[in-house]
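The structure file target.cif is reproduced below (mmCIF, C-alpha atoms and all ligand atoms).
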```
data_final
#
loop_
_atom_site.label_atom_id
_atom_site.label_comp_id
_atom_site.auth_asym_id
_atom_site.auth_seq_id
_atom_site.Cartn_x
_atom_site.Cartn_y
_atom_site.Cartn_z
CA MET A 1 196.40 52.89 -19.46
CA ARG A 2 199.74 51.22 -18.62
CA THR A 3 199.58 47.72 -17.13
CA MET A 4 197.44 47.43 -14.00
CA ARG A 5 196.41 44.42 -11.94
CA LEU A 6 192.89 43.26 -12.71
CA ASP A 7 191.68 43.46 -9.07
CA LYS A 8 193.02 47.02 -8.74
CA PHE A 9 191.36 48.06 -12.01
CA VAL A 10 187.98 46.66 -10.92
CA ALA A 11 188.30 48.25 -7.46
CA HIS A 12 188.97 51.61 -9.16
CA THR A 13 186.10 51.38 -11.59
CA THR A 14 183.34 49.91 -9.39
CA PRO A 15 182.24 50.30 -5.75
CA HIS A 16 183.74 46.84 -4.99
CA SER A 17 186.77 46.41 -2.72
CA ARG A 18 189.64 44.19 -3.80
CA SER A 19 188.45 41.35 -1.57
CA GLU A 20 184.98 41.61 -3.15
CA VAL A 21 186.63 41.50 -6.58
CA ARG A 22 188.07 38.11 -5.70
CA LEU A 23 184.52 36.88 -5.00
CA LEU A 24 183.34 38.29 -8.35
CA LEU A 25 186.18 36.43 -10.06
CA ARG A 26 185.30 33.20 -8.29
CA ALA A 27 181.67 33.63 -9.35
CA GLY A 28 182.78 34.04 -13.00
CA ARG A 29 181.23 37.53 -13.25
CA LEU A 30 184.30 39.21 -14.75
CA ARG A 31 185.53 38.82 -18.33
CA VAL A 32 188.68 40.16 -19.95
CA ASN A 33 188.48 40.55 -23.73
CA GLY A 34 185.27 38.53 -23.58
CA GLN A 35 186.85 35.56 -21.77
CA PRO A 36 185.96 34.59 -18.17
CA VAL A 37 188.99 35.06 -15.85
CA LYS A 38 189.89 33.91 -12.34
CA ASP A 39 193.31 35.52 -11.77
CA ALA A 40 193.05 38.67 -9.59
CA GLY A 41 196.67 39.58 -10.41
CA LEU A 42 196.25 39.42 -14.18
CA ALA A 43 198.20 42.32 -15.77
CA LEU A 44 195.96 44.39 -18.02
CA GLY A 45 197.48 46.15 -21.02
CA PRO A 46 196.23 49.33 -22.70
CA THR A 47 193.98 47.54 -25.21
CA ASP A 48 192.38 44.99 -22.84
CA THR A 49 188.68 45.33 -22.09
CA VAL A 50 187.12 44.31 -18.78
CA ALA A 51 183.42 43.62 -18.26
CA LEU A 52 181.43 42.95 -15.09
CA ASP A 53 178.19 41.07 -15.69
CA GLY A 54 178.48 42.11 -19.34
CA THR A 55 178.97 45.85 -18.64
CA LEU A 56 182.25 47.33 -19.85
CA LEU A 57 184.28 49.06 -17.11
CA THR A 58 186.21 52.25 -17.78
CA LEU A 59 188.70 54.02 -15.52
CA ARG A 60 187.34 57.25 -14.06
CA GLY A 61 189.43 60.40 -13.70
CA PRO A 62 190.78 61.59 -10.33
CA ARG A 63 188.22 62.37 -7.62
CA TYR A 64 188.03 65.47 -5.40
CA PHE A 65 185.63 66.05 -2.49
CA MET A 66 184.98 68.52 0.32
CA LEU A 67 183.52 67.37 3.60
CA ASN A 68 182.25 69.24 6.64
CA LYS A 69 183.97 67.26 9.39
CA PRO A 70 182.01 66.94 12.62
CA ALA A 71 183.79 66.71 15.98
CA GLY A 72 184.59 63.15 17.06
CA VAL A 73 185.52 61.96 13.55
CA VAL A 74 189.18 61.33 12.78
CA SER A 75 191.04 62.64 9.72
CA ALA A 76 192.37 59.23 8.79
CA THR A 77 191.60 56.59 6.22
CA GLU A 78 191.36 53.84 8.87
CA ASP A 79 190.90 53.83 12.63
CA GLY A 80 190.08 50.96 14.93
CA GLU A 81 188.20 53.12 17.42
CA HIS A 82 186.56 56.17 15.80
CA ARG A 83 184.63 56.93 12.64
CA THR A 84 186.88 58.33 9.90
CA VAL A 85 186.17 60.99 7.29
CA LEU A 86 186.25 58.22 4.66
CA ASP A 87 183.48 56.38 6.55
CA LEU A 88 181.35 59.49 5.94
CA LEU A 89 181.84 59.33 2.15
CA ARG A 90 179.10 56.76 1.81
CA GLY A 91 178.61 55.38 -1.68
CA GLU A 92 182.14 56.35 -2.78
CA ASN A 93 184.79 53.67 -3.16
CA PRO A 94 187.52 54.63 -0.64
CA GLU A 95 190.24 52.89 -2.70
CA GLY A 96 193.11 55.35 -3.31
CA LEU A 97 191.53 58.29 -1.46
CA HIS A 98 193.54 60.32 1.04
CA ILE A 99 193.09 63.51 3.06
CA ALA A 100 194.70 66.74 1.88
CA GLY A 101 195.41 68.32 5.29
CA ARG A 102 194.20 66.68 8.46
CA LEU A 103 192.17 68.19 11.30
CA ASP A 104 192.30 67.16 14.96
CA ILE A 105 189.48 64.93 16.18
CA ASP A 106 187.80 67.85 18.00
CA THR A 107 188.26 70.34 15.12
CA THR A 108 185.33 70.81 12.74
CA GLY A 109 185.03 72.08 9.20
CA LEU A 110 186.59 71.80 5.78
CA VAL A 111 188.43 68.61 4.84
CA LEU A 112 189.57 68.01 1.26
CA ILE A 113 189.75 64.40 0.07
CA THR A 114 191.21 63.18 -3.20
CA ASP A 115 193.09 60.38 -4.92
CA ASP A 116 195.31 62.88 -6.77
CA GLY A 117 198.57 62.99 -4.80
CA GLN A 118 200.09 65.83 -6.83
CA TRP A 119 196.99 67.96 -6.31
CA SER A 120 196.98 67.51 -2.52
CA HIS A 121 200.71 68.18 -2.38
CA ARG A 122 200.19 71.51 -4.13
CA VAL A 123 197.21 72.48 -1.97
CA LYS A 124 199.18 71.75 1.22
CA ALA A 125 202.47 73.38 0.17
CA PRO A 126 203.57 75.80 2.97
CA GLY A 127 203.60 79.45 1.99
CA ARG A 128 201.60 78.88 -1.19
CA HIS A 129 198.06 78.60 0.07
CA GLU A 130 196.25 79.90 3.12
CA LYS A 131 193.95 78.11 5.50
CA ARG A 132 191.36 80.10 7.43
CA TYR A 133 190.19 79.02 10.90
CA ARG A 134 187.50 80.39 13.22
CA VAL A 135 188.73 80.14 16.79
CA GLN A 136 187.04 80.44 20.15
CA THR A 137 189.33 80.85 23.10
CA ALA A 138 188.97 80.17 26.82
CA ARG A 139 190.24 83.63 27.83
CA PRO A 140 190.19 87.11 26.19
CA ILE A 141 192.72 87.28 23.36
CA ALA A 142 195.82 89.32 24.34
CA ASP A 143 196.11 92.89 22.99
CA ASP A 144 199.33 92.13 21.11
CA ALA A 145 198.06 88.89 19.50
CA GLU A 146 197.82 90.38 15.97
CA THR A 147 201.46 91.53 16.12
CA ARG A 148 202.76 88.31 17.62
CA PHE A 149 200.97 86.15 15.03
CA ALA A 150 202.24 88.42 12.22
CA THR A 151 205.84 88.35 13.49
CA GLY A 152 205.96 84.58 14.00
CA LEU A 153 205.82 82.57 17.21
CA CYS A 154 208.17 79.99 18.68
CA LEU A 155 206.15 76.86 19.40
CA ARG A 156 207.09 74.47 22.17
CA GLY A 157 209.56 71.88 20.90
CA GLU A 158 210.22 73.87 17.70
CA GLU A 159 211.95 76.92 19.21
CA ASP A 160 214.47 77.10 16.35
CA GLN A 161 211.75 77.39 13.70
CA PRO A 162 209.34 80.30 14.24
CA THR A 163 205.96 80.08 12.54
CA LEU A 164 205.50 81.85 9.21
CA PRO A 165 203.64 85.18 9.45
CA ALA A 166 199.97 84.54 10.24
CA CYS A 167 197.05 86.94 10.28
CA LEU A 168 194.63 87.24 13.21
CA GLN A 169 191.40 89.21 12.97
CA ARG A 170 189.58 89.73 16.25
CA LEU A 171 185.82 89.13 16.10
CA GLY A 172 185.15 89.46 19.83
CA PRO A 173 187.04 89.18 23.14
CA CYS A 174 187.32 85.38 22.78
CA GLU A 175 186.75 84.87 19.04
CA ALA A 176 188.97 85.41 16.02
CA LEU A 177 189.67 84.42 12.44
CA VAL A 178 193.19 83.15 11.78
CA TRP A 179 194.88 82.75 8.40
CA LEU A 180 197.85 80.33 8.30
CA GLN A 181 200.30 79.66 5.49
CA GLU A 182 201.48 76.34 6.90
CA GLY A 183 200.01 73.31 8.62
CA ARG A 184 202.11 72.15 11.55
CA TYR A 185 200.85 69.62 14.09
CA HIS A 186 198.15 71.26 16.29
CA GLN A 187 199.38 74.60 14.94
CA VAL A 188 196.49 76.89 15.88
CA LYS A 189 196.20 75.41 19.38
CA ARG A 190 199.96 75.70 19.92
CA MET A 191 200.02 79.31 18.66
CA PHE A 192 197.33 80.30 21.14
CA ALA A 193 199.15 78.39 23.88
CA ALA A 194 202.29 80.40 22.99
CA ILE A 195 200.40 83.63 23.74
CA GLY A 196 199.04 82.26 27.03
CA ASN A 197 195.57 81.23 25.87
CA HIS A 198 193.67 78.01 25.15
CA VAL A 199 191.56 77.07 22.11
CA GLU A 200 188.08 75.94 23.09
CA ARG A 201 186.66 75.55 19.58
CA LEU A 202 188.33 75.36 16.20
CA HIS A 203 186.61 75.31 12.82
CA ARG A 204 188.32 75.37 9.41
CA GLU A 205 186.41 77.58 6.96
CA ALA A 206 188.68 77.63 3.90
CA VAL A 207 191.80 76.09 2.35
CA ALA A 208 193.64 77.59 -0.62
CA GLY A 209 190.65 79.73 -1.59
CA ILE A 210 188.26 76.75 -1.42
CA GLU A 211 185.46 77.78 0.97
CA LEU A 212 183.50 75.24 3.00
CA ASP A 213 180.08 75.11 1.30
CA PRO A 214 177.56 76.57 3.81
CA ALA A 215 174.94 74.14 2.44
CA LEU A 216 176.88 71.20 3.93
CA SER A 217 175.75 70.23 7.42
CA PRO A 218 178.31 68.50 9.67
CA GLY A 219 179.07 65.07 8.17
CA GLU A 220 177.91 66.02 4.65
CA TRP A 221 180.13 66.18 1.59
CA ARG A 222 180.07 66.99 -2.11
CA PRO A 223 182.43 66.72 -5.10
CA LEU A 224 184.56 69.81 -5.77
CA THR A 225 183.58 72.02 -8.70
CA SER A 226 186.02 72.39 -11.60
CA ALA A 227 186.89 75.93 -10.37
CA GLU A 228 187.76 74.52 -6.92
CA ILE A 229 189.84 71.71 -8.45
CA ALA A 230 191.74 74.28 -10.55
CA VAL A 231 193.31 75.67 -7.32
CA GLY A 232 195.64 72.66 -7.04
CA ARG A 233 196.28 72.11 -10.73
CA VAL A 234 199.67 72.69 -12.29
CA PRO A 235 199.21 75.83 -14.46
CA GLY A 236 198.54 74.79 -18.06
CA SER A 237 197.54 71.20 -17.20
N1 LIG B 301 195.47 73.62 14.11
C1 LIG B 301 195.14 72.85 15.18
O1 LIG B 301 195.60 73.08 16.27
N2 LIG B 301 194.30 71.82 14.97
C2 LIG B 301 193.73 71.54 13.79
O2 LIG B 301 192.93 70.60 13.67
C3 LIG B 301 194.08 72.35 12.69
C4 LIG B 301 194.95 73.38 12.89
#
```

Starting from the coordinates I provided, produce the structure as structure tokens.
Ligand code: URA
Amino acid sequence: MRTMRLDKFVAHTTPHSRSEVRLLLRAGRLRVNGQPVKDAGLALGPTDTVALDGTLLTLRGPRYFMLNKPAGVVSATEDGEHRTVLDLLRGENPEGLHIAGRLDIDTTGLVLITDDGQWSHRVKAPGRHEKRYRVQTARPIADDAETRFATGLCLRGEEDQPTLPACLQRLGPCEALVWLQEGRYHQVKRMFAAIGNHVERLHREAVAGIELDPALSPGEWRPLTSAEIAVGRVPGS
């Protein structure tokens, strides 16, 4: 461990927020190297030990979760109006967590959450990993939709930058699976708008080979398995 502020260290190793850590300090419940401390900004070195109520705290490794996002919940860490996906991770300290690929408020399905920035960067990298969506449309899907998705579409406001080839598999007149290599703003909805249709329902089923666990009801989450985490790891690390 390089130097880290005491309040940050405690917030990372316990369910307490940084403001709660200040209360713990005031109450004399934290000790560094056996001595009671009051300074939240104290710089900890690699050999310092920190104890809360006599229990030694140790830094945990990075965290990785999947969540089945219900409609009406925002893919954000904070929101003044709506519930966020982090609000659903009850019992987990939200400190340092972020979302690896957001969904619109009305989109449901797989959201990946982590505090490992390099991992989420790799999972989101355009062209490297595919995302699979189940789409329901307002009108029958046009006959040439497969070809137009595969060729690349010009989205409104981004006419100079056609979408990367995407795959569409028709499941019914108004239902399809779509595989995307990139994640532009409202991309699926804008692609269907570009072929004269409208998305009524959108559900993300998979990202980068990580499938939404069918055992998770809307709003439920679980930690990723080591095989799922390996998807975003640098080879050899
Ligand atoms: N494409 C969209 O239009 N919305 C999403 O939430 C995800 C992909």

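Across A:Ala215, A:Ala71, A:Ala40, A:Ile141, the tightest approach to ligand LIG 301 (chain B) is made by A:Ala71 when counting all atoms listed in the file.
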
Taking only residues of chain A that have an atom at most 6 Å from an atom of ligand LIG 301 (chain B), what is each one's shortest atom pair and its distance in Å to one decimal, using only C-alpha atoms and all ligand atoms, in chain and number order, as a Markdown table?
```
| residue | atom | partner | partner_atom | distance |
| --- | --- | --- | --- | --- |
| A:Leu103 | CA | B:LIG301 | O2 | 3.5 |
| A:Asp104 | CA | B:LIG301 | O2 | 3.7 |
| A:Thr107 | CA | B:LIG301 | O2 | 4.9 |
| A:His186 | CA | B:LIG301 | O1 | 3.1 |
| A:Gln187 | CA | B:LIG301 | N1 | 4.1 |
| A:Val188 | CA | B:LIG301 | N1 | 3.9 |
| A:Lys189 | CA | B:LIG301 | O1 | 3.9 |
```

Just the selected residues (C-alpha atoms), exported as a compact mmCIF listing (two decimals), in the coordinates of the input, please.
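Written out: again_6.txt:
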```
# COMPACT_ATOMS: atom_id res chain seq x y z
CA LEU A 103 192.17 68.19 11.30
CA ASP A 104 192.30 67.16 14.96
CA THR A 107 188.26 70.34 15.12
CA HIS A 186 198.15 71.26 16.29
CA GLN A 187 199.38 74.60 14.94
CA VAL A 188 196.49 76.89 15.88
CA LYS A 189 196.20 75.41 19.38
```

Name the closest residue to Gly183 of chain A among the candidates A:Ala150, A:Val10, A:Ala125, A:Ala206; distances are taken between atoms, counting only C-alpha atoms.
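Nearest candidate to Gly183 of chain A out of A:Ala150, A:Val10, A:Ala125, A:Ala206: A:Ala125.
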
Using all atoms listed in the file for the distances, tell me which of A:Gly80, A:Gly152, A:Gly219, A:Gly28 is nearest to Leu168 of chain A.
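Between A:Gly80, A:Gly152, A:Gly219, A:Gly28, the residue approaching Leu168 of chain A most closely is A:Gly152.
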
At most 9 Å is the cut-off: for each residue in segment 62-173 of chain A with any atom that close to an atom of segment 11-23 of chain A, write down the nearest atom pair and the distance in Å rounded to one decimal, counting only C-alpha atoms, chain first then increasing number, as CSV.
```
residue,atom,partner,partner_atom,distance
A:Gly91,CA,A:Pro15,CA,7.5
A:Glu92,CA,A:Pro15,CA,6.7
A:Asn93,CA,A:Pro15,CA,5.0
A:Pro94,CA,A:Ser17,CA,8.5
A:Glu95,CA,A:His12,CA,6.7
A:Gly96,CA,A:His12,CA,8.1
```

From the options A:Gly117, A:Pro165, A:Pro140, A:Gly109, which residue's atoms come nearest to Met66 of chain A, counting only C-alpha atoms?
A:Gly109

Work out how far atom CA of Glu158 of chain A is from atom CA of Trp179 of chain A, in Å to one decimal.
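Taking atom CA of Trp179 of chain A and atom CA of Glu158 of chain A, their separation equals 20.0 Å.
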
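The two atoms in question, atom CA of Arg204 of chain A and atom CA of Val231 of chain A, are spaced 17.5 Å apart.
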
Find, counting only C-alpha atoms, the residue in A:Thr137, A:Asn33, A:Ser226, A:Ser217 that gets nearest to Ala193 of chain A.
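Of A:Thr137, A:Asn33, A:Ser226, A:Ser217, the one nearest Ala193 of chain A, counting only C-alpha atoms, is A:Thr137.
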
In Å, with one decimal, what is the gap from atom CA of Ile99 of chain A to atom CA of Ile113 of chain A?
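According to the coordinates, atom CA of Ile99 of chain A and atom CA of Ile113 of chain A are separated by 4.6 Å.
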
Segment 46-55 of chain A environment, 10 Å, only C-alpha atoms, sequence neighbours closer than 5 positions dropped, as a list in words
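That gives Met1, Arg2, Thr3, Met4, Leu6, Phe9, Val10, Thr14, Leu24, Leu25, Gly28, Arg29, Leu30, Arg31, Val32, Asn33, Gly34, Gln35, Pro36 and Val37 of chain A.
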
Compare A:Leu202, A:Leu110, A:Leu171, A:Leu56 by their minimum atom-to-atom distance to Asn68 of chain A, counting only C-alpha atoms, and give me the closest one.
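Nearest candidate to Asn68 of chain A out of A:Leu202, A:Leu110, A:Leu171, A:Leu56: A:Leu110.
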
Within 8 Å of Leu112 of chain A using only C-alpha atoms, minus same-chain residues under 6 positions, as a PyMOL selection string:
chain A and resi 64-67+99-101

Please dump the current selection as an mmCIF file, keeping the file's coordinate frame; keep C-alpha atoms.
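The new file part06.cif reads:
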```
data_model
loop_
_atom_site.group_PDB
_atom_site.id
_atom_site.type_symbol
_atom_site.label_atom_id
_atom_site.label_comp_id
_atom_site.auth_asym_id
_atom_site.auth_seq_id
_atom_site.Cartn_x
_atom_site.Cartn_y
_atom_site.Cartn_z
ATOM 1 C CA TYR A 64 188.030 65.470 -5.400
ATOM 2 C CA PHE A 65 185.630 66.050 -2.490
ATOM 3 C CA MET A 66 184.980 68.520 0.320
ATOM 4 C CA LEU A 67 183.520 67.370 3.600
ATOM 5 C CA ILE A 99 193.090 63.510 3.060
ATOM 6 C CA ALA A 100 194.700 66.740 1.880
ATOM 7 C CA GLY A 101 195.410 68.320 5.290
#
```

Neighbours of point (197.3, 71.2, -1.6) within 12 Å, using all atoms listed in the file, written as a CSV table (one decimal) with C-alpha atoms, in the coordinates of the input:
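The result, written out as selection_32.csv:
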```
chain,number,residue,atom,x,y,z
A,64,TYR,CA,188.0,65.5,-5.4
A,98,HIS,CA,193.5,60.3,1.0
A,99,ILE,CA,193.1,63.5,3.1
A,100,ALA,CA,194.7,66.7,1.9
A,101,GLY,CA,195.4,68.3,5.3
A,102,ARG,CA,194.2,66.7,8.5
A,111,VAL,CA,188.4,68.6,4.8
A,112,LEU,CA,189.6,68.0,1.3
A,113,ILE,CA,189.8,64.4,0.1
A,114,THR,CA,191.2,63.2,-3.2
A,116,ASP,CA,195.3,62.9,-6.8
A,117,GLY,CA,198.6,63.0,-4.8
A,118,GLN,CA,200.1,65.8,-6.8
A,119,TRP,CA,197.0,68.0,-6.3
A,120,SER,CA,197.0,67.5,-2.5
A,121,HIS,CA,200.7,68.2,-2.4
A,122,ARG,CA,200.2,71.5,-4.1
A,123,VAL,CA,197.2,72.5,-2.0
A,124,LYS,CA,199.2,71.8,1.2
A,125,ALA,CA,202.5,73.4,0.2
A,126,PRO,CA,203.6,75.8,3.0
A,127,GLY,CA,203.6,79.4,2.0
A,128,ARG,CA,201.6,78.9,-1.2
A,129,HIS,CA,198.1,78.6,0.1
A,130,GLU,CA,196.2,79.9,3.1
A,131,LYS,CA,194.0,78.1,5.5
A,181,GLN,CA,200.3,79.7,5.5
A,182,GLU,CA,201.5,76.3,6.9
A,183,GLY,CA,200.0,73.3,8.6
A,207,VAL,CA,191.8,76.1,2.4
A,208,ALA,CA,193.6,77.6,-0.6
A,209,GLY,CA,190.6,79.7,-1.6
A,210,ILE,CA,188.3,76.8,-1.4
A,228,GLU,CA,187.8,74.5,-6.9
A,229,ILE,CA,189.8,71.7,-8.4
A,230,ALA,CA,191.7,74.3,-10.6
A,231,VAL,CA,193.3,75.7,-7.3
A,232,GLY,CA,195.6,72.7,-7.0
A,233,ARG,CA,196.3,72.1,-10.7
A,234,VAL,CA,199.7,72.7,-12.3
```
